[in-house]
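J.: File start29.pdb follows (PDB, C-alpha atoms, pLDDT in the B column):
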ATOM      1  CA  MET A   1      97.120 192.485 198.508  1.00 39.00           C
ATOM      2  CA  ALA A   2      95.399 190.311 195.921  1.00 41.00           C
ATOM      3  CA  GLY A   3      93.522 193.340 194.701  1.00 39.00           C
ATOM      4  CA  LEU A   4      96.783 195.003 193.769  1.00 39.00           C
ATOM      5  CA  ALA A   5      97.276 192.480 190.993  1.00 40.00           C
ATOM      6  CA  GLU A   6      93.955 193.418 189.442  1.00 45.00           C
ATOM      7  CA  SER A   7      94.437 197.150 189.787  1.00 41.00           C
ATOM      8  CA  GLY A   8      97.894 197.049 188.264  1.00 51.00           C
ATOM      9  CA  SER A   9      99.282 199.319 191.005  1.00 72.00           C
ATOM     10  CA  ASN A  10     101.945 196.805 192.035  1.00 86.00           C
ATOM     11  CA  PRO A  11     104.293 195.793 189.177  1.00 90.00           C
ATOM     12  CA  ASP A  12     105.886 193.084 191.318  1.00 90.00           C
ATOM     13  CA  VAL A  13     102.568 191.301 191.811  1.00 92.00           C
ATOM     14  CA  ASP A  14     101.497 191.947 188.223  1.00 91.00           C
ATOM     15  CA  LEU A  15     104.631 190.284 186.896  1.00 93.00           C
ATOM     16  CA  LEU A  16     104.185 187.415 189.328  1.00 93.00           C
ATOM     17  CA  TYR A  17     100.712 186.699 187.954  1.00 93.00           C
ATOM     18  CA  ASP A  18     101.859 187.130 184.357  1.00 92.00           C
ATOM     19  CA  ILE A  19     104.748 184.675 184.635  1.00 93.00           C
ATOM     20  CA  ASN A  20     102.998 182.182 186.869  1.00 91.00           C
ATOM     21  CA  GLY A  21      99.938 182.406 184.632  1.00 89.00           C
ATOM     22  CA  LEU A  22     101.948 180.702 181.898  1.00 90.00           C
ATOM     23  CA  ALA A  23     101.781 177.516 183.961  1.00 88.00           C
ATOM     24  CA  LYS A  24      98.000 177.410 183.745  1.00 84.00           C
ATOM     25  CA  GLY A  25      98.001 176.876 180.006  1.00 82.00           C
ATOM     26  CA  ALA A  26     101.019 174.544 179.923  1.00 87.00           C
ATOM     27  CA  PRO A  27     100.687 170.743 179.814  1.00 90.00           C
ATOM     28  CA  HIS A  28     101.278 168.797 182.996  1.00 89.00           C
ATOM     29  CA  TRP A  29     104.541 167.248 181.776  1.00 90.00           C
ATOM     30  CA  PHE A  30     105.950 170.697 181.061  1.00 91.00           C
ATOM     31  CA  ASP A  31     105.081 171.961 184.538  1.00 89.00           C
ATOM     32  CA  ARG A  32     106.652 168.847 186.032  1.00 91.00           C
ATOM     33  CA  GLY A  33     109.782 169.461 183.995  1.00 92.00           C
ATOM     34  CA  MET A  34     109.934 173.090 185.141  1.00 92.00           C
ATOM     35  CA  GLU A  35     109.634 171.915 188.735  1.00 91.00           C
ATOM     36  CA  LEU A  36     112.578 169.541 188.382  1.00 93.00           C
ATOM     37  CA  VAL A  37     114.656 172.091 186.485  1.00 93.00           C
ATOM     38  CA  GLY A  38     113.861 174.950 188.856  1.00 92.00           C
ATOM     39  CA  GLU A  39     114.431 172.959 192.036  1.00 91.00           C
ATOM     40  CA  TYR A  40     117.432 170.795 191.151  1.00 93.00           C
ATOM     41  CA  GLY A  41     118.331 170.784 187.461  1.00 94.00           C
ATOM     42  CA  LEU A  42     119.845 174.243 187.120  1.00 95.00           C
ATOM     43  CA  LEU A  43     121.816 173.904 190.346  1.00 94.00           C
ATOM     44  CA  LEU A  44     123.280 170.654 189.034  1.00 95.00           C
ATOM     45  CA  ALA A  45     123.987 172.287 185.678  1.00 96.00           C
ATOM     46  CA  MET A  46     125.843 175.095 187.444  1.00 96.00           C
ATOM     47  CA  VAL A  47     128.027 172.622 189.350  1.00 94.00           C
ATOM     48  CA  LEU A  48     128.822 170.791 186.109  1.00 96.00           C
ATOM     49  CA  LEU A  49     129.666 174.100 184.447  1.00 96.00           C
ATOM     50  CA  VAL A  50     132.149 174.923 187.212  1.00 94.00           C
ATOM     51  CA  LEU A  51     133.749 171.485 186.808  1.00 94.00           C
ATOM     52  CA  TRP A  52     133.916 171.950 183.056  1.00 94.00           C
ATOM     53  CA  CYS A  53     135.600 175.323 183.488  1.00 93.00           C
ATOM     54  CA  TRP A  54     138.075 173.787 185.950  1.00 91.00           C
ATOM     55  CA  TRP A  55     138.927 171.052 183.452  1.00 90.00           C
ATOM     56  CA  THR A  56     139.494 173.648 180.735  1.00 90.00           C
ATOM     57  CA  VAL A  57     141.655 175.882 182.917  1.00 88.00           C
ATOM     58  CA  ARG A  58     143.604 172.896 184.204  1.00 84.00           C
ATOM     59  CA  ARG A  59     144.397 171.628 180.723  1.00 84.00           C
ATOM     60  CA  GLY A  60     145.367 175.092 179.530  1.00 77.00           C
ATOM     61  CA  GLY A  61     147.961 175.440 182.277  1.00 70.00           C
ATOM     62  CA  GLY A  62     150.004 178.600 182.091  1.00 71.00           C
ATOM     63  CA  GLU A  63     151.402 180.860 184.768  1.00 75.00           C
ATOM     64  CA  GLY A  64     147.947 181.903 185.943  1.00 79.00           C
ATOM     65  CA  ALA A  65     146.576 178.390 186.446  1.00 85.00           C
ATOM     66  CA  ALA A  66     146.802 178.548 190.239  1.00 88.00           C
ATOM     67  CA  SER A  67     144.947 181.868 190.489  1.00 90.00           C
ATOM     68  CA  SER A  68     142.308 180.663 188.012  1.00 90.00           C
ATOM     69  CA  VAL A  69     141.669 177.481 189.996  1.00 92.00           C
ATOM     70  CA  ALA A  70     141.543 179.586 193.160  1.00 92.00           C
ATOM     71  CA  GLY A  71     138.797 181.643 191.524  1.00 93.00           C
ATOM     72  CA  LEU A  72     136.900 178.468 190.661  1.00 93.00           C
ATOM     73  CA  VAL A  73     137.150 177.314 194.266  1.00 95.00           C
ATOM     74  CA  TRP A  74     135.844 180.694 195.362  1.00 95.00           C
ATOM     75  CA  ALA A  75     132.738 180.486 193.146  1.00 95.00           C
ATOM     76  CA  PRO A  76     130.928 177.758 195.165  1.00 95.00           C
ATOM     77  CA  LEU A  77     132.302 179.168 198.417  1.00 96.00           C
ATOM     78  CA  ALA A  78     130.799 182.552 197.520  1.00 96.00           C
ATOM     79  CA  ALA A  79     127.467 180.872 196.850  1.00 96.00           C
ATOM     80  CA  GLY A  80     127.524 179.200 200.252  1.00 96.00           C
ATOM     81  CA  ILE A  81     128.475 182.407 202.055  1.00 97.00           C
ATOM     82  CA  ALA A  82     125.745 184.331 200.227  1.00 97.00           C
ATOM     83  CA  VAL A  83     123.123 181.830 201.378  1.00 96.00           C
ATOM     84  CA  LEU A  84     124.373 182.183 204.967  1.00 97.00           C
ATOM     85  CA  VAL A  85     124.127 185.967 204.663  1.00 96.00           C
ATOM     86  CA  ASN A  86     120.565 185.501 203.444  1.00 96.00           C
ATOM     87  CA  VAL A  87     119.518 183.775 206.688  1.00 94.00           C
ATOM     88  CA  PRO A  88     119.369 186.965 208.797  1.00 95.00           C
ATOM     89  CA  ILE A  89     117.968 188.915 205.837  1.00 95.00           C
ATOM     90  CA  ARG A  90     115.004 186.548 205.578  1.00 93.00           C
ATOM     91  CA  GLY A  91     114.452 186.709 209.309  1.00 91.00           C
ATOM     92  CA  PHE A  92     114.511 190.508 209.281  1.00 94.00           C
ATOM     93  CA  VAL A  93     112.232 191.057 206.262  1.00 91.00           C
ATOM     94  CA  GLU A  94     109.836 188.169 207.058  1.00 90.00           C
ATOM     95  CA  ARG A  95     108.124 188.314 203.689  1.00 93.00           C
ATOM     96  CA  PRO A  96     105.592 185.488 203.244  1.00 93.00           C
ATOM     97  CA  ARG A  97     105.566 183.350 200.143  1.00 92.00           C
ATOM     98  CA  PRO A  98     103.416 184.854 197.371  1.00 93.00           C
ATOM     99  CA  PHE A  99     100.764 182.122 197.558  1.00 89.00           C
ATOM    100  CA  VAL A 100     100.111 183.054 201.198  1.00 89.00           C
ATOM    101  CA  ASP A 101      98.840 186.545 200.367  1.00 86.00           C
ATOM    102  CA  HIS A 102      97.624 186.070 196.785  1.00 87.00           C
ATOM    103  CA  GLN A 103      94.971 183.749 195.502  1.00 87.00           C
ATOM    104  CA  GLY A 104      94.774 182.123 192.100  1.00 87.00           C
ATOM    105  CA  LEU A 105      98.460 181.238 191.780  1.00 89.00           C
ATOM    106  CA  ASP A 106      99.404 177.883 190.313  1.00 88.00           C
ATOM    107  CA  VAL A 107     101.930 176.670 192.911  1.00 88.00           C
ATOM    108  CA  LEU A 108     103.995 173.851 191.439  1.00 89.00           C
ATOM    109  CA  VAL A 109     106.267 173.183 194.434  1.00 89.00           C
ATOM    110  CA  ALA A 110     104.736 172.091 197.714  1.00 84.00           C
ATOM    111  CA  GLY A 111     106.162 172.394 201.205  1.00 79.00           C
ATOM    112  CA  LYS A 112     107.564 175.915 201.008  1.00 86.00           C
ATOM    113  CA  THR A 113     106.848 177.301 204.471  1.00 85.00           C
ATOM    114  CA  ASP A 114     109.847 179.591 204.992  1.00 88.00           C
ATOM    115  CA  PHE A 115     110.031 183.268 204.075  1.00 92.00           C
ATOM    116  CA  SER A 116     110.301 184.445 200.497  1.00 92.00           C
ATOM    117  CA  PHE A 117     112.843 187.300 200.364  1.00 94.00           C
ATOM    118  CA  VAL A 118     115.437 186.695 199.042  1.00 94.00           C
ATOM    119  CA  SER A 119     115.481 183.603 196.839  1.00 95.00           C
ATOM    120  CA  ASP A 120     118.177 181.106 197.828  1.00 95.00           C
ATOM    121  CA  HIS A 121     118.174 179.540 194.355  1.00 95.00           C
ATOM    122  CA  ALA A 122     118.698 182.892 192.670  1.00 96.00           C
ATOM    123  CA  THR A 123     121.417 183.782 195.169  1.00 97.00           C
ATOM    124  CA  LEU A 124     123.286 180.508 194.700  1.00 96.00           C
ATOM    125  CA  THR A 125     123.245 180.465 190.926  1.00 96.00           C
ATOM    126  CA  MET A 126     124.144 184.120 190.439  1.00 97.00           C
ATOM    127  CA  ALA A 127     127.014 183.970 192.934  1.00 97.00           C
ATOM    128  CA  MET A 128     128.478 181.010 191.072  1.00 96.00           C
ATOM    129  CA  GLY A 129     127.844 182.614 187.690  1.00 96.00           C
ATOM    130  CA  VAL A 130     129.588 185.846 188.665  1.00 96.00           C
ATOM    131  CA  GLY A 131     132.437 183.875 190.251  1.00 95.00           C
ATOM    132  CA  LEU A 132     132.862 181.998 186.981  1.00 95.00           C
ATOM    133  CA  PHE A 133     132.820 185.243 184.999  1.00 95.00           C
ATOM    134  CA  VAL A 134     135.768 186.563 186.971  1.00 92.00           C
ATOM    135  CA  VAL A 135     137.790 183.480 185.976  1.00 91.00           C
ATOM    136  CA  HIS A 136     136.560 182.778 182.447  1.00 92.00           C
ATOM    137  CA  ARG A 137     134.286 185.127 180.513  1.00 93.00           C
ATOM    138  CA  LYS A 138     132.568 182.570 178.277  1.00 94.00           C
ATOM    139  CA  PHE A 139     131.833 180.142 181.097  1.00 95.00           C
ATOM    140  CA  GLY A 140     130.771 183.064 183.263  1.00 95.00           C
ATOM    141  CA  LEU A 141     128.257 184.297 180.707  1.00 97.00           C
ATOM    142  CA  ALA A 142     126.837 180.780 180.475  1.00 96.00           C
ATOM    143  CA  GLY A 143     126.589 180.666 184.276  1.00 96.00           C
ATOM    144  CA  ILE A 144     124.855 184.033 184.476  1.00 97.00           C
ATOM    145  CA  GLY A 145     122.461 182.824 181.786  1.00 97.00           C
ATOM    146  CA  LEU A 146     121.625 179.769 183.883  1.00 97.00           C
ATOM    147  CA  ALA A 147     121.034 182.043 186.880  1.00 97.00           C
ATOM    148  CA  LEU A 148     118.582 184.165 184.897  1.00 97.00           C
ATOM    149  CA  VAL A 149     116.691 181.046 183.843  1.00 97.00           C
ATOM    150  CA  GLU A 150     116.642 179.913 187.472  1.00 96.00           C
ATOM    151  CA  GLY A 151     115.117 183.210 188.512  1.00 96.00           C
ATOM    152  CA  PHE A 152     112.387 182.875 185.886  1.00 96.00           C
ATOM    153  CA  CYS A 153     111.657 179.338 187.058  1.00 95.00           C
ATOM    154  CA  ARG A 154     111.207 180.432 190.681  1.00 95.00           C
ATOM    155  CA  VAL A 155     108.516 182.909 189.690  1.00 95.00           C
ATOM    156  CA  TYR A 156     106.955 180.457 187.216  1.00 94.00           C
ATOM    157  CA  LEU A 157     106.664 177.883 189.995  1.00 93.00           C
ATOM    158  CA  GLY A 158     104.769 180.394 192.134  1.00 92.00           C
ATOM    159  CA  VAL A 159     107.163 180.297 195.084  1.00 93.00           C
ATOM    160  CA  HIS A 160     108.836 183.704 194.717  1.00 95.00           C
ATOM    161  CA  TYR A 161     108.062 187.272 193.743  1.00 95.00           C
ATOM    162  CA  PRO A 162     110.184 188.790 190.969  1.00 96.00           C
ATOM    163  CA  THR A 163     111.774 191.096 193.549  1.00 96.00           C
ATOM    164  CA  ASP A 164     112.797 188.042 195.581  1.00 96.00           C
ATOM    165  CA  VAL A 165     114.741 186.883 192.557  1.00 97.00           C
ATOM    166  CA  ILE A 166     116.249 190.308 191.855  1.00 97.00           C
ATOM    167  CA  GLY A 167     117.301 190.548 195.491  1.00 96.00           C
ATOM    168  CA  GLY A 168     118.943 187.134 195.209  1.00 96.00           C
ATOM    169  CA  PHE A 169     120.826 188.214 192.096  1.00 97.00           C
ATOM    170  CA  ALA A 170     122.055 191.341 193.873  1.00 97.00           C
ATOM    171  CA  LEU A 171     123.112 189.449 196.995  1.00 97.00           C
ATOM    172  CA  GLY A 172     124.942 186.738 195.075  1.00 97.00           C
ATOM    173  CA  THR A 173     126.747 189.299 192.910  1.00 97.00           C
ATOM    174  CA  ALA A 174     127.732 191.449 195.883  1.00 97.00           C
ATOM    175  CA  VAL A 175     129.203 188.574 197.867  1.00 97.00           C
ATOM    176  CA  ALA A 176     131.052 187.113 194.876  1.00 96.00           C
ATOM    177  CA  LEU A 177     132.636 190.444 193.922  1.00 96.00           C
ATOM    178  CA  LEU A 178     133.154 192.259 197.217  1.00 96.00           C
ATOM    179  CA  LEU A 179     134.782 189.346 199.010  1.00 96.00           C
ATOM    180  CA  SER A 180     136.714 188.182 195.965  1.00 94.00           C
ATOM    181  CA  PRO A 181     139.974 190.121 196.704  1.00 94.00           C
ATOM    182  CA  LEU A 182     140.212 188.662 200.215  1.00 95.00           C
ATOM    183  CA  ALA A 183     139.270 185.175 199.011  1.00 94.00           C
ATOM    184  CA  MET A 184     141.824 185.249 196.195  1.00 94.00           C
ATOM    185  CA  ALA A 185     144.538 186.489 198.546  1.00 94.00           C
ATOM    186  CA  LEU A 186     143.898 183.470 200.770  1.00 95.00           C
ATOM    187  CA  LEU A 187     143.191 180.814 198.133  1.00 94.00           C
ATOM    188  CA  THR A 188     145.851 181.604 195.529  1.00 92.00           C
ATOM    189  CA  PRO A 189     148.844 180.700 197.756  1.00 92.00           C
ATOM    190  CA  VAL A 190     147.074 177.471 198.682  1.00 91.00           C
ATOM    191  CA  MET A 191     146.553 176.576 195.026  1.00 90.00           C
ATOM    192  CA  LYS A 192     150.183 177.423 194.250  1.00 90.00           C
ATOM    193  CA  ALA A 193     151.267 175.058 197.006  1.00 88.00           C
ATOM    194  CA  VAL A 194     149.001 172.367 195.580  1.00 87.00           C
ATOM    195  CA  GLU A 195     150.436 173.023 192.124  1.00 85.00           C
ATOM    196  CA  ARG A 196     153.946 172.284 193.383  1.00 86.00           C
ATOM    197  CA  SER A 197     152.853 168.952 194.823  1.00 83.00           C
ATOM    198  CA  PRO A 198     153.942 165.951 192.693  1.00 82.00           C
ATOM    199  CA  ARG A 199     150.532 164.275 192.959  1.00 80.00           C
ATOM    200  CA  ALA A 200     147.979 166.905 193.910  1.00 81.00           C
ATOM    201  CA  GLY A 201     149.484 169.306 191.380  1.00 80.00           C
ATOM    202  CA  ARG A 202     147.351 167.695 188.687  1.00 83.00           C
ATOM    203  CA  LEU A 203     144.335 169.363 190.268  1.00 83.00           C
ATOM    204  CA  VAL A 204     145.751 172.718 189.222  1.00 84.00           C
ATOM    205  CA  ARG A 205     147.694 172.017 186.053  1.00 80.00           C
ATOM    206  CA  ALA A 206     147.628 168.968 183.822  1.00 74.00           C
ATOM    207  CA  ARG A 207     150.921 167.397 182.925  1.00 66.00           C
ATOM    208  CA  ARG A 208     151.596 167.726 179.254  1.00 56.00           C
ATOM    209  CA  ALA A 209     152.470 164.647 177.298  1.00 39.00           C
ATOM    210  CA  GLY A 210     155.513 166.250 175.760  1.00 40.00           C
ATOM    211  CA  LEU A 211     156.969 167.044 179.145  1.00 40.00           C
ATOM    212  CA  THR A 212     155.743 164.245 181.363  1.00 41.00           C
ATOM    213  CA  GLY A 213     158.056 161.324 181.835  1.00 41.00           C
ATOM    214  CA  GLN A 214     160.591 162.735 179.407  1.00 40.00           C
ATOM    215  CA  ARG A 215     163.945 163.188 180.982  1.00 39.00           C
ATOM    216  CA  ALA A 216     166.413 165.708 179.729  1.00 39.00           C
ATOM    217  CA  ARG A 217     168.809 164.048 177.374  1.00 43.00           C
ATOM    218  CA  ILE A 218     172.459 164.240 178.272  1.00 38.00           C
ATOM    219  CA  PRO A 219     174.733 164.653 175.272  1.00 43.00           C
ATOM    220  CA  GLU A 220     176.425 161.416 174.544  1.00 45.00           C
ATOM    221  CA  ALA A 221     180.100 161.198 175.333  1.00 43.00           C
ATOM    222  CA  ARG A 222     182.401 160.964 172.452  1.00 45.00           C
ATOM    223  CA  ALA A 223     183.223 157.504 171.270  1.00 46.00           C
ATOM    224  CA  GLU A 224     186.890 158.165 171.579  1.00 49.00           C
ATOM    225  CA  ARG A 225     188.387 160.104 174.423  1.00 51.00           C
ATOM    226  CA  PRO A 226     191.028 162.605 173.571  1.00 50.00           C
ATOM    227  CA  GLU A 227     194.484 161.159 173.869  1.00 53.00           C
ATOM    228  CA  GLU A 228     196.030 161.822 177.216  1.00 50.00           C
ATOM    229  CA  PRO A 229     199.576 163.103 177.198  1.00 47.00           C
ATOM    230  CA  ASP A 230     202.148 160.358 177.522  1.00 47.00           C
ATOM    231  CA  LEU A 231     203.830 161.217 180.767  1.00 39.00           C
ATOM    232  CA  ALA A 232     206.471 158.568 180.223  1.00 42.00           C
ATOM    233  CA  ALA A 233     207.688 160.341 177.141  1.00 40.00           C
TER     234      ALA A 233
END
Take the structure I supplied and represent it as structure tokens, if you would.
T.:
Amino acid sequence: MAGLAESGSNPDVDLLYDINGLAKGAPHWFDRGMELVGEYGLLLAMVLLVLWCWWTVRRGGGEGAASSVAGLVWAPLAAGIAVLVNVPIRGFVERPRPFVDHQGLDVLVAGKTDFSFVSDHATLTMAMGVGLFVVHRKFGLAGIGLALVEGFCRVYLGVHYPTDVIGGFALGTAVALLLSPLAMALLTPVMKAVERSPRAGRLVRARRAGLTGQRARIPEARAERPEEPDLAA
């Protein structure tokens, strides 16, 4: 298998060596930073992006606030379901990590003993990115961008083939989109019920200052009541 990289007959392995080869000429602090970003940083950034989108949707309010928040709840749920779907896929394919079959890779993350296809990190981030895109286009594009960077990092770290990453992107996208109608049908009524709650409703729609705590004013009664007819007359 290692000979395939030299012969150029396997584009997947060629690209693996090309991207991972960038780590050889990089300073140690940069490689350490890529390790932290690729393992934890981008996942944390994706969670913060979802929270930011929720805050924006919540403040915007509107008639579609409940369905938008339901979509934001679905994004991390889709990521979790996609990773669960990946468990039998990994067991069926049983593809070893690239450093098992190929020599000369600069492996920056130790302790990876499970199978390689498909990448959990790529699956998680793309599922959340696509879920965000369904709710809010700008936040979704940012999320998909983070997922693409995550995929590059996994190959740079030497723990995944490029096709592992592409497979993760496809799996995350498929779960987020194909199960979205069912998820929205179940989650939207729940979010509408939460929205009607006096306290928990703030999770779905922020109370606006102009409306909160301001009671409807009742027109003041006239200072003088109209004269009643004098029945004695």
J.: What is the CA of Lys112 (chain A) to CA of Glu35 (chain A) distance in Å?
T.: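 Taking CA of Lys112 (chain A) as the start and CA of Glu35 (chain A) as the end point, the length is 13.1 Å.
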J.: For Ala65 (chain A), which of A:Gly151, A:Gly168, A:Val13, A:His136 is the closest residue, counting all atoms listed in the file?
T.: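 For Ala65 (chain A), the nearest of the given residues is A:His136.
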J.: Could you please determine the separation between CA of Glu150 (chain A) and CA of Ile19 (chain A) in Å, to one decimal place?
T.: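 For CA of Glu150 (chain A) relative to CA of Ile19 (chain A), the distance reads 13.1 Å.
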J.: For Leu84 (chain A), which residue among A:Gly62, A:Pro96, A:Gly167, A:Gly172 is the nearest when counting all atoms listed in the file?
T.: A:Gly172
J.: Here's the selection I'm unsure about, the PyMOL selection byres ((chain A and resi 166) around 9); applied to the file above, which residues does it give, as a list in words?
T.: Val118, Ser119, Ala122, Thr123, Gly151, Tyr161, Pro162, Thr163, Asp164, Val165, Gly167, Gly168, Phe169, Ala170 and Leu171 of chain A
J.: Do you have the CA of Leu105 (chain A)-CA of Phe152 (chain A) distance handy?
T.: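 Going from CA of Leu105 (chain A) over to CA of Phe152 (chain A) covers 15.2 Å.
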J.: Go through the shown structure with the PyMOL selection byres ((chain A and resi 44) around 12) and write out the matching residues as a list in words.
T.: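 Those residues are Leu36, Val37, Gly38, Glu39, Tyr40, Gly41, Leu42, Leu43, Ala45, Met46, Val47, Leu48, Leu49, Val50, Leu51, His121, Leu124, Thr125, Met128, Gly143, Leu146, Ala147 and Glu150 of chain A.
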J.: Return the single residue from A:Phe92, A:Trp54, A:Trp29, A:Tyr17 that is closest to Phe117 (chain A), with distances computed using only C-alpha atoms.
T.: A:Phe92
J.: Which residues match the PyMOL selection byres ((chain A and resi 104) around 12) in the file above, as a list in words?
T.: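 What the PyMOL selection byres ((chain A and resi 104) around 12) grabs from the file is Ala2, Gly3, Ala5, Glu6, Leu16, Tyr17, Asp18, Asn20, Gly21, Ala23, Lys24, Pro98, Phe99, Val100, Asp101, His102, Gln103, Leu105, Asp106, Val107 and Gly158 of chain A.
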J.: Find the spatial neighbours of region 188-202 of chain A, counting all atoms listed in the file, within a cut-off of 12 Å - ignore same-chain residues fewer than 3 positions away - and output them as a PyMOL selection string.
T.: chain A and resi 54-55+57-74+180-185+205-208+212
J.: Can you tell me which residues surround Phe139 (chain A) at a distance of at most 10 Å, considering all atoms listed in the file, apart from same-chain residues fewer than 4 positions away, and format the answer as a VMD selection string?
T.: chain A and resid 49 to 50 52 to 53 129 to 135 143 to 145
J.: Name the closest residue to Ser116 (chain A) among the candidates A:Ala174, A:Leu141, A:Val155, A:Val85; distances are taken between atoms, counting all atoms listed in the file.
T.: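 For Ser116 (chain A), the nearest of the given residues is A:Val155.
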J.: Reconstruct region 6-21 of chain A at the level of N, CA, C and O atoms, and format the result as a compact mmCIF listing (two decimals), keeping the file's coordinate frame.
T.:
# COMPACT_ATOMS: atom_id res chain seq x y z
N GLU A 6 95.01 193.05 190.38
CA GLU A 6 93.96 193.42 189.44
C GLU A 6 94.03 194.89 189.08
O GLU A 6 93.75 195.28 187.95
N SER A 7 94.41 195.72 190.05
CA SER A 7 94.44 197.15 189.79
C SER A 7 95.66 197.57 188.99
O SER A 7 95.68 198.64 188.41
N GLY A 8 96.68 196.72 189.01
CA GLY A 8 97.89 197.05 188.26
C GLY A 8 98.76 198.06 188.97
O GLY A 8 99.68 198.60 188.36
N SER A 9 98.50 198.32 190.28
CA SER A 9 99.28 199.32 191.00
C SER A 9 100.56 198.74 191.59
O SER A 9 101.37 199.48 192.12
N ASN A 10 100.75 197.44 191.50
CA ASN A 10 101.94 196.80 192.04
C ASN A 10 102.61 195.99 190.93
O ASN A 10 102.21 194.86 190.65
N PRO A 11 103.64 196.51 190.29
CA PRO A 11 104.29 195.79 189.18
C PRO A 11 104.86 194.45 189.60
O PRO A 11 104.90 193.51 188.80
N ASP A 12 105.33 194.34 190.83
CA ASP A 12 105.89 193.08 191.32
C ASP A 12 104.84 191.97 191.29
O ASP A 12 105.09 190.86 190.82
N VAL A 13 103.65 192.29 191.79
CA VAL A 13 102.57 191.30 191.81
C VAL A 13 102.04 191.06 190.41
O VAL A 13 101.69 189.93 190.04
N ASP A 14 101.95 192.10 189.61
CA ASP A 14 101.50 191.95 188.22
C ASP A 14 102.39 190.96 187.47
O ASP A 14 101.91 190.06 186.78
N LEU A 15 103.69 191.15 187.60
CA LEU A 15 104.63 190.28 186.90
C LEU A 15 104.58 188.87 187.44
O LEU A 15 104.72 187.89 186.68
N LEU A 16 104.36 188.74 188.73
CA LEU A 16 104.18 187.42 189.33
C LEU A 16 103.03 186.68 188.68
O LEU A 16 103.16 185.52 188.27
N TYR A 17 101.89 187.34 188.56
CA TYR A 17 100.71 186.70 187.95
C TYR A 17 100.93 186.43 186.47
O TYR A 17 100.47 185.41 185.95
N ASP A 18 101.63 187.32 185.79
CA ASP A 18 101.86 187.13 184.36
C ASP A 18 102.74 185.91 184.10
O ASP A 18 102.44 185.08 183.22
N ILE A 19 103.82 185.79 184.86
CA ILE A 19 104.75 184.68 184.64
C ILE A 19 104.15 183.37 185.14
O ILE A 19 104.19 182.34 184.46
N ASN A 20 103.60 183.40 186.33
CA ASN A 20 103.00 182.18 186.87
C ASN A 20 101.77 181.76 186.07
O ASN A 20 101.45 180.56 185.99
N GLY A 21 101.10 182.74 185.45
CA GLY A 21 99.94 182.41 184.63
C GLY A 21 100.27 181.55 183.43
O GLY A 21 99.40 180.86 182.89
